[in-house]
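Q: Okay, here's the structure, questions in a sec.
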Amino acid sequence: MRIVSICPSNTEIIAYLGKTDMLIGVDNYSDYPESVLELPRLGPDLSIDLEKTAELKPDLVLASLSVPGMEKNIEGLKEKQIPYIVLNPQSLEEIAQNIKRVGKAIGYEQLGKDKEKQFLSELNHYKKEAEQKDRNGPSLYWEWWPKPIFTPGGPNWLTEISELAGGYNIYASEKEASVQTDWEDVKNRRPDHICMVWVGVKEEKMNPEIIRKRPGWSELSAVQNNRIHVLEESLYCRPSPRLLEGLKKLKIIMNH
């Protein structure tokens, strides 16, 4: 089966299933595992080159709606009559369901079920650990984008990741998965930790000094105690099984 993935998280689900050899093309941002770097690139995930995609003659395209604006790709796939499925998970539970769904869609139904089980089993291990911890763990502010500020709200997987690591997301009470806010509002919520995970930006391009210079932020305990963490957005901003790798890393950071 010839598969195209037009979103990094979908590529990572294929990798989790151990089926990257079925991939014949990916979007520009898919960078894991390393083997996919040699595949034909089909453009940025928001504006996939559908002509090029059609030329590859895929049996299935794994599309996504995880970023606003991706609808355009799906309309194009429909027009060109290219077979596709759309993934749009918000929670860790939904990521597990997607693992099973992709397994079935690519002709490996049992493998999909087994891998879903494996993911959930690892998740349960973290849940049990979190249940034994103090409920009043440290508060976390996740910065997805600096200007205007975007941060994950209650329905997003990072709220779950925060809790499983023994803390809580300061925007967990918000009903949207992605919340637009401002510097003053973040400051008033007084986070214990600040996690910089700017979408699409490599760690070396993120400078914690920007955070320190924001009006009034120098009085935050996160800033005073040097708890500004520059993290790999690839381990926190993509709804893929690699979030568990990010969770493991976050636990280490928070236990220091």
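Identifiers for the structure tokens are assigned positionally: chains receive A, B, ... in sequence, residues are indexed from 1 per chain, and ligands are indexed from 1 in the order shown.
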I need the residues in region 46-234 of chain A that are alpha helix (DSSP H) according to DSSP; give them as a ChimeraX atom specification.

A: /A:50-55,71-79,92-105,109-131,157-164,183-188,208-212,221-224

Q: Determine, using only C-alpha atoms, which residues of region 87-144 of chain A have any atom at most 12 Å from an atom of region 210-225 of chain A, and tabulate each with its shortest atom pair and distance in Å to one decimal place, rows ordered by chain and then rising number, as CSV.

A:
residue,atom,partner,partner_atom,distance
A:Pro138,CA,A:Ala222,CA,10.2
A:Ser139,CA,A:Ala222,CA,9.6
A:Leu140,CA,A:Ala222,CA,9.2
A:Tyr141,CA,A:Ala222,CA,9.6
A:Glu143,CA,A:Ile211,CA,10.2

Q: Restricted to N, CA, C and O atoms, what would the selected residues look like written as a PDB file, in the first residue's frame?

A:
ATOM      1  N   PRO A 138       2.918  21.851  40.898  1.00  0.00           N
ATOM      2  CA  PRO A 138       3.248  23.151  40.318  1.00  0.00           C
ATOM      3  C   PRO A 138       2.377  23.498  39.107  1.00  0.00           C
ATOM      4  O   PRO A 138       1.886  22.620  38.409  1.00  0.00           O
ATOM      5  N   SER A 139       2.209  24.813  38.896  1.00  0.00           N
ATOM      6  CA  SER A 139       1.403  25.268  37.757  1.00  0.00           C
ATOM      7  C   SER A 139       2.300  25.535  36.553  1.00  0.00           C
ATOM      8  O   SER A 139       3.424  26.012  36.696  1.00  0.00           O
ATOM      9  N   LEU A 140       1.775  25.205  35.360  1.00  0.00           N
ATOM     10  CA  LEU A 140       2.551  25.355  34.123  1.00  0.00           C
ATOM     11  C   LEU A 140       1.852  26.280  33.139  1.00  0.00           C
ATOM     12  O   LEU A 140       0.634  26.209  32.963  1.00  0.00           O
ATOM     13  N   TYR A 141       2.642  27.127  32.518  1.00  0.00           N
ATOM     14  CA  TYR A 141       2.155  27.946  31.402  1.00  0.00           C
ATOM     15  C   TYR A 141       2.875  27.480  30.143  1.00  0.00           C
ATOM     16  O   TYR A 141       4.098  27.480  30.077  1.00  0.00           O
ATOM     17  N   GLU A 143       3.582  28.104  26.263  1.00  0.00           N
ATOM     18  CA  GLU A 143       3.484  29.143  25.246  1.00  0.00           C
ATOM     19  C   GLU A 143       3.676  28.539  23.866  1.00  0.00           C
ATOM     20  O   GLU A 143       4.767  28.127  23.486  1.00  0.00           O
TER      21      GLU A 143
END

Q: Figure out the distance between CA of Ser30 (chain A) and CA of Pro8 (chain A), please, to one decimal in Å.

A: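 Computing the Euclidean distance for CA of Pro8 (chain A) and CA of Ser30 (chain A) yields 4.2 Å.
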
Q: If DSSP is run on the backbone, what residues of region 9-193 of chain A are strand (DSSP E or B)? A reply as a PyMOL selection string would be ideal.

A: chain A and resi 23-26+41+60-64+84-87+139-143+145-146+149-152+168-169+178-181+193

Q: Those residues you just picked out, can you put them in a file as a tab-separated table (two decimals), in the first residue's frame with N, CA, C and O atoms?

A:
chain	number	residue	atom	x	y	z
A	23	LEU	N	5.40	4.54	3.38
A	23	LEU	CA	5.28	5.96	3.02
A	23	LEU	C	5.99	6.27	1.71
A	23	LEU	O	7.13	5.84	1.50
A	24	ILE	N	5.32	7.05	0.87
A	24	ILE	CA	5.94	7.43	-0.42
A	24	ILE	C	6.09	8.95	-0.55
A	24	ILE	O	6.66	9.45	-1.51
A	25	GLY	N	5.58	9.69	0.43
A	25	GLY	CA	5.69	11.15	0.42
A	25	GLY	C	5.17	11.73	1.72
A	25	GLY	O	4.28	11.14	2.35
A	26	VAL	N	5.75	12.87	2.13
A	26	VAL	CA	5.34	13.52	3.38
A	26	VAL	C	5.35	15.04	3.22
A	26	VAL	O	5.92	15.57	2.26
A	41	ARG	N	9.03	15.56	-0.68
A	41	ARG	CA	8.37	16.57	0.17
A	41	ARG	C	7.23	17.22	-0.61
A	41	ARG	O	7.41	17.61	-1.76
A	60	LEU	N	-3.64	5.88	-0.20
A	60	LEU	CA	-4.27	6.54	0.93
A	60	LEU	C	-3.44	7.74	1.37
A	60	LEU	O	-2.21	7.65	1.47
A	61	VAL	N	-4.13	8.86	1.64
A	61	VAL	CA	-3.46	10.03	2.22
A	61	VAL	C	-3.96	10.19	3.65
A	61	VAL	O	-5.17	10.14	3.90
A	62	LEU	N	-3.03	10.34	4.58
A	62	LEU	CA	-3.39	10.61	5.97
A	62	LEU	C	-3.42	12.12	6.15
A	62	LEU	O	-2.38	12.77	6.22
A	63	ALA	N	-4.63	12.68	6.16
A	63	ALA	CA	-4.80	14.13	6.29
A	63	ALA	C	-5.07	14.49	7.75
A	63	ALA	O	-5.21	13.62	8.60
A	64	SER	N	-5.13	15.80	8.01
A	64	SER	CA	-5.29	16.25	9.39
A	64	SER	C	-6.06	17.56	9.44
A	64	SER	O	-6.11	18.30	8.47
A	84	TYR	N	-8.52	9.36	1.15
A	84	TYR	CA	-7.89	9.93	2.35
A	84	TYR	C	-8.71	9.63	3.60
A	84	TYR	O	-9.89	9.29	3.51
A	85	ILE	N	-8.06	9.76	4.74
A	85	ILE	CA	-8.79	9.81	6.01
A	85	ILE	C	-8.27	11.03	6.77
A	85	ILE	O	-7.15	11.48	6.53
A	86	VAL	N	-9.12	11.58	7.63
A	86	VAL	CA	-8.74	12.79	8.38
A	86	VAL	C	-8.61	12.45	9.87
A	86	VAL	O	-9.51	11.86	10.45
A	87	LEU	N	-7.48	12.85	10.45
A	87	LEU	CA	-7.27	12.66	11.89
A	87	LEU	C	-7.28	14.03	12.56
A	87	LEU	O	-6.71	14.98	12.03
A	139	SER	N	2.21	24.81	38.90
A	139	SER	CA	1.40	25.27	37.76
A	139	SER	C	2.30	25.54	36.55
A	139	SER	O	3.42	26.01	36.70
A	140	LEU	N	1.77	25.20	35.36
A	140	LEU	CA	2.55	25.35	34.12
A	140	LEU	C	1.85	26.28	33.14
A	140	LEU	O	0.63	26.21	32.96
A	141	TYR	N	2.64	27.13	32.52
A	141	TYR	CA	2.15	27.95	31.40
A	141	TYR	C	2.88	27.48	30.14
A	141	TYR	O	4.10	27.48	30.08
A	142	TRP	N	2.10	27.03	29.17
A	142	TRP	CA	2.65	26.56	27.89
A	142	TRP	C	2.49	27.67	26.86
A	142	TRP	O	1.37	28.13	26.60
A	143	GLU	N	3.58	28.10	26.26
A	143	GLU	CA	3.48	29.14	25.25
A	143	GLU	C	3.68	28.54	23.87
A	143	GLU	O	4.77	28.13	23.49
A	145	TRP	N	2.67	30.29	21.04
A	145	TRP	CA	3.07	31.37	20.15
A	145	TRP	C	3.19	32.65	20.98
A	145	TRP	O	2.37	32.90	21.86
A	146	PRO	N	4.24	33.48	20.72
A	146	PRO	CA	4.51	34.61	21.59
A	146	PRO	C	3.73	35.89	21.32
A	146	PRO	O	3.46	36.66	22.23
A	149	ILE	N	-0.22	35.94	21.91
A	149	ILE	CA	0.00	34.73	22.70
A	149	ILE	C	-1.11	33.70	22.44
A	149	ILE	O	-2.29	34.02	22.51
A	150	PHE	N	-0.67	32.49	22.14
A	150	PHE	CA	-1.59	31.34	22.07
A	150	PHE	C	-1.09	30.28	23.02
A	150	PHE	O	0.12	30.04	23.12
A	151	THR	N	-2.02	29.67	23.72
A	151	THR	CA	-1.68	28.66	24.73
A	151	THR	C	-2.76	27.58	24.73
A	151	THR	O	-3.90	27.85	24.38
A	152	PRO	N	-2.40	26.33	25.08
A	152	PRO	CA	-3.43	25.27	25.09
A	152	PRO	C	-4.43	25.43	26.24
A	152	PRO	O	-4.03	25.76	27.36
A	168	TYR	N	-0.25	21.23	36.80
A	168	TYR	CA	-1.49	21.57	36.11
A	168	TYR	C	-1.28	22.78	35.19
A	168	TYR	O	-0.46	23.65	35.47
A	169	ASN	N	-2.04	22.78	34.12
A	169	ASN	CA	-2.00	23.84	33.12
A	169	ASN	C	-2.80	25.04	33.64
A	169	ASN	O	-3.97	24.89	34.01
A	178	SER	N	-7.34	25.80	21.97
A	178	SER	CA	-6.28	26.79	21.76
A	178	SER	C	-6.83	28.15	22.18
A	178	SER	O	-7.85	28.60	21.68
A	179	VAL	N	-6.14	28.80	23.11
A	179	VAL	CA	-6.64	30.04	23.70
A	179	VAL	C	-5.74	31.21	23.31
A	179	VAL	O	-4.52	31.13	23.45
A	180	GLN	N	-6.34	32.30	22.83
A	180	GLN	CA	-5.56	33.51	22.59
A	180	GLN	C	-5.68	34.39	23.83
A	180	GLN	O	-6.78	34.66	24.31
A	181	THR	N	-4.54	34.81	24.36
A	181	THR	CA	-4.55	35.61	25.59
A	181	THR	C	-3.51	36.72	25.47
A	181	THR	O	-3.06	37.05	24.37
A	193	HIS	N	6.07	27.34	36.39
A	193	HIS	CA	6.96	26.96	35.29
A	193	HIS	C	6.45	27.58	34.00
A	193	HIS	O	5.24	27.63	33.78

Q: Which residues are close to Gln90 (chain A), i.e. within 7 Å by only C-alpha atoms, leaving aside same-chain residues fewer than 5 positions away? Reply as a list in words.

A: Pro155, Asn156 and Trp157 of chain A

Q: I need the residues from that last selection saved to file as a compact mmCIF listing (two decimals), in the first residue's frame (with N, CA and C atoms), if you can.

A:
# COMPACT_ATOMS: atom_id res chain seq x y z
N PRO A 155 -9.34 21.36 26.73
CA PRO A 155 -9.50 20.13 25.95
C PRO A 155 -8.20 19.63 25.28
N ASN A 156 -7.11 20.39 25.37
CA ASN A 156 -5.89 19.99 24.67
C ASN A 156 -5.08 18.96 25.45
N TRP A 157 -4.33 18.13 24.71
CA TRP A 157 -3.52 17.07 25.32
C TRP A 157 -2.48 17.60 26.31

Q: For Leu235 (chain A), which of A:Lys202, A:Asn207, A:Ile74, A:Gly167 is the closest residue, counting only C-alpha atoms?

A: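 Closest residue, counting only C-alpha atoms: A:Lys202.
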
Q: Which of these, A:Gly107, A:Pro68, A:Gly246, A:Pro33, has the shortest distance to Glu233 (chain A) once you count only C-alpha atoms?

A: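 Going through A:Gly107, A:Pro68, A:Gly246, A:Pro33 one by one, the smallest distance to Glu233 (chain A) is for A:Gly246.
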
Q: Could you list, as JSON, numbers by chain, every residue within 12 Å of Lys248 (chain A), counting only C-alpha atoms and ignoring same-chain residues fewer than 3 positions away?

A: {"A": [122, 123, 125, 126, 129, 161, 162, 164, 165, 166, 235, 236, 242, 243, 244, 245, 251, 252, 253, 254, 255]}

Q: Could you write out the selected residues, including C-alpha atoms, as an mmCIF file, in the first residue's frame?

A:
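Once everything was written out, this is out03.cif:
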data_model
loop_
_atom_site.group_PDB
_atom_site.id
_atom_site.type_symbol
_atom_site.label_atom_id
_atom_site.label_comp_id
_atom_site.auth_asym_id
_atom_site.auth_seq_id
_atom_site.Cartn_x
_atom_site.Cartn_y
_atom_site.Cartn_z
ATOM 1 C CA GLU A 122 2.060 3.207 29.035
ATOM 2 C CA LEU A 123 -0.432 6.007 29.644
ATOM 3 C CA HIS A 125 1.389 3.653 34.122
ATOM 4 C CA TYR A 126 1.759 7.472 34.234
ATOM 5 C CA GLU A 129 1.932 7.485 39.307
ATOM 6 C CA ILE A 161 0.378 15.894 29.987
ATOM 7 C CA SER A 162 0.706 18.577 32.704
ATOM 8 C CA LEU A 164 0.353 13.270 34.351
ATOM 9 C CA ALA A 165 3.661 14.998 35.089
ATOM 10 C CA GLY A 166 2.302 16.042 38.496
ATOM 11 C CA LEU A 235 7.512 16.408 21.608
ATOM 12 C CA TYR A 236 4.640 18.581 22.850
ATOM 13 C CA ARG A 242 5.777 10.851 20.929
ATOM 14 C CA LEU A 243 3.896 12.942 23.506
ATOM 15 C CA LEU A 244 4.781 10.156 25.957
ATOM 16 C CA GLU A 245 8.457 10.913 25.315
ATOM 17 C CA LYS A 251 8.550 14.771 34.722
ATOM 18 C CA ILE A 252 12.342 14.947 35.012
ATOM 19 C CA ILE A 253 12.274 18.755 34.630
ATOM 20 C CA MET A 254 9.574 19.174 37.272
ATOM 21 C CA ASN A 255 11.253 16.867 39.770
#

Q: Which of these residues is nearest to Val199 (chain A), using only C-alpha atoms: A:Ser234, A:Thr53, A:Thr11, A:Thr20?

A: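 Among the listed residues, A:Ser234 lies closest to Val199 (chain A).
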